[in-house]
Amino acid sequence: MIASSWPLGCGRYCDKPSNRFPISVLRTDKHRDLALLDHSDIPETEYYQPEKTQGFGIGEPVTAVGYPGFGKGDRINVRPGFVASFFVRSAVRYVEVTQKLLQGSSGGPLLDSSGRVIAVIHKGGPLIERDHAIHVDVIAQWVAE
């Protein structure tokens, strides 16, 4: 399971509104802000599985999913939008999107119109000019290293 690496100092559990799952961190990459988690105790219905993309382009519809600013009783946040551009910064490939990605969504999936994970949310919020996610091919390369 892939997640954002920054909140991992908060504990050894993965919380969502009605469940709490034990996690262990297998590997992190601060440069890419990624963490690889052991998800053997989490049911398959509770996470998205990244897949090799068939390719996607500017203008393609995408959906960002996450729990930004999560509080008890909050439900999942779903934000539709489109791919605005692709760019590389510090040797990491990103997907820029048109929807505003809320702070706290980092590590959540960016899905294509078929529900496949095409990127992992990286940056967003009111002070971020370019809302963007890490391209799934970068993640696949990192996991294979």
# chains A, B, ... in the order shown; residues from 1 in each chain; ligands from 1
>>> residues_around(residues="region 134-140 of chain A", least_positions_apart="2", cutoff="12 Å", atoms="only C-alpha atoms", output="JSON, numbers by chain")
{"A": [1, 2, 3, 4, 28, 29, 31, 32, 33, 34, 35, 36, 49, 50, 51, 52, 53, 54, 55, 56, 57, 83, 85, 86, 87, 88, 89, 91, 92, 93, 94, 95, 96, 97, 106, 107, 108, 109, 110, 111, 112, 116, 117, 118, 119, 120, 121, 122, 123, 131, 132, 142, 143, 144, 145]}
